[in-house]
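Notes follow the structure.
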Amino acid sequence: MSDEGLARRELIAAGFAGTALLGFTGRAALAQSGDKAPDAPRSSPASTRAYRVEVPMPHGGVAAGHPLAAMAGTRMLMQGGTAADAAVAAMAVMNVVEPWASSAAGNGFATCFDRSSGTVQSLAFTGGAPALLDPAIDPKELDSGHKAVAVPGAFGGWIALAQRYGRLPLATLLEPAIGYARDGHPLDASIAMFIRRQQTVLARYPTSAAIFLPGGKPPAPRAIFRNAPLARTFQSLADAETRALKGGASRDKALSAAYDHFYTGPVAQDMTRFSQANGGWLRMEDMRAYRPVWEQPVSTVYRGLDVYCSPLTSRTGLELCEQLNIVEGWDLASLAGDRAGLAHLLIEAIKIAKADVYRYAGDPRFVDVPITTLLSKEFAAQRRALIDRMRAMPFPKGADLAIGTRTRDDATDEDTRGGDTTSLSVVDKEGNAIAVTTTIGGGFGTSVVMGGTGLLCNNGLRIGSTAPYVGHPNAVAPGKRALLGNGPIIVLDKGRLKLVCGTPGGETIGQTQFQFLVNALDLEMPIQQAIEAPRFALNAKPNFYKPGAAISLQLEDRFAPADLLALKNKGHSVEMVGAFAIGSVQGVLVDPSGAPMGGSDPRRMGYAMGY
């Protein structure tokens, strides 16, 4: 193509595809009118590989599930803060602007790369079941309501991140969230839709209705939405830190004062009074006993790259690493032109990994989990041998390992309840990186705002996060942490940051991240193209705990008709879903030039910002 023929839209499309524009000099010969003008209809390419530009982050940046959260985190970076400071500020804003999926009283995981030491650490901020929980309760009562409350974990995680890796005061980190909660922000249309869908449940609880159903009705899209009780709670936490600093406390001690204000002080007291008055199980003893936990991430080496993800009680870390280990035995890059053939191998690997993980995974404080075996290359080779490249397998039984995992054969099957989550990824100018995936479980969690706090709790005791079968390693029990799908990822190349990413999506989290990694690492797509490529997701009836479960393959409708037919011919039960329907990856990929490039998924309302 000549210089004259390379119109502006083609330049943009070539940039999306990562094409090297060799020889282009930008001469004035580009037409300014007629068919070859930059904005002429005929100058547009027939297709585009990405609908958003990737975002350069030369000094750092944030990709998050909402533009205001990405901006809040980037503000912290521009004020001299670290990746941890940005992550805490972004999470606090997400609590305000995406309340159906995020809360300081929720749960989650962070995966953190410290550039100076070259180490990766995982932080679990996951509260367990209250000590008073009755395991014989009807599982449906754990979907929403006062008895569905899991111990709040997220705020403890915010403080742990700030203490280990942060630099700015908590009052600074919470300032954007306090402003949006107190003064309001235009409610995203998708959040308005979720409130409308959930209004019958939210209306049962006066504290929830007062915030989410002002005047008895769901707020309209782009209406100015406020959460005054949450603003007061966040301000009280910032004030607890400020008082400690004025009294001569160190930064670490002052942050601990805010932690205590939440877990043993006024916030905990309000929550527990409210829970007890309404027949819930949460008590001060549960709040006081909770601690966020720093742990070694689970990891694998994939094609020479070190991939780190969340340990138990995230099931996704094990799931993702086993999936990668299984497909490492094939040259996936050679299948770039055979989308159906590539998808088939990934689908079969997902089935096997889910069968293994859902058979054995549970809270390691309560059960023995064969983590070393599940992560081993030898085990992956054995499981890979089950895959027929031409034919879909039924959902298999998890591998038979020398460990007891028996459940009652007469147990009643229960369908998995959905989960709703949010994720963000941060890099700073010093080369540190953090990915966080945080959740309140199913949409709006328990749907109960806890007293005057403005906070929703995680309903992580529901079926899906817990197993419906008595005796299963992940059966619900007092004090036990349920499994989360949260699995934020760090990838290193010879000790240097390659990729930081995460996604929401409940059961689809591990599946989405797996496909994204193959796109970015095997097919070498630029980050935005890797994010936007069509995805699939497996759904299991009744659930992934059940060998022989009916598996349906959900395909985004951008898959070509020929690919749909090819997958059906391999025996997959296929249903089409929306064009951009599965997951919402937020990530930063380091270009071979060394430049961090941010990407954000158009499937939800995420946004990436750099500076």
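Residue numbering restarts at 1 in every chain; chains get A, B, ... in the order shown in the structure tokens, and ligands count up from 1 in that same order.
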DSSP strand (DSSP E) residues within region 122-151 of chain A, listed as a PyMOL selection string: chain A and resi 122-125
Test item, helix (DSSP H, G or I) assignment across region 97-323 of chain A, answer as number ranges by chain: A: 97, 139-142, 146-148, 154-165, 170-183, 189-202, 206-212, 214-216, 228-246, 251-263, 266-277, 284-289, 315-323
Residues within 8 Å of Ala608 (chain A), only C-alpha atoms, excluding chain neighbours under 6 positions, as a PyMOL selection string: chain A and resi 55+61-64+67+70+586+598-600
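Excluding Ala520 (chain A) itself and any same-chain residue fewer than 5 positions from it, the protein and nucleic acid residues within 9 Å of it, counting only C-alpha atoms, are Gln515, Met525, Pro526, Ile527, Gln529, Ala530, Ile531 and Leu589 of chain A.
We find CA of Phe379 (chain A) and CA of Gly548 (chain A) to be spaced 21.4 Å apart.
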Neighbour list for region 246-254 of chain A as an MDAnalysis selection string, cut-off 9 Å, only C-alpha atoms, skip fewer than 5 positions in-chain: chainID A and resid 162:164 167:170 240:241 259
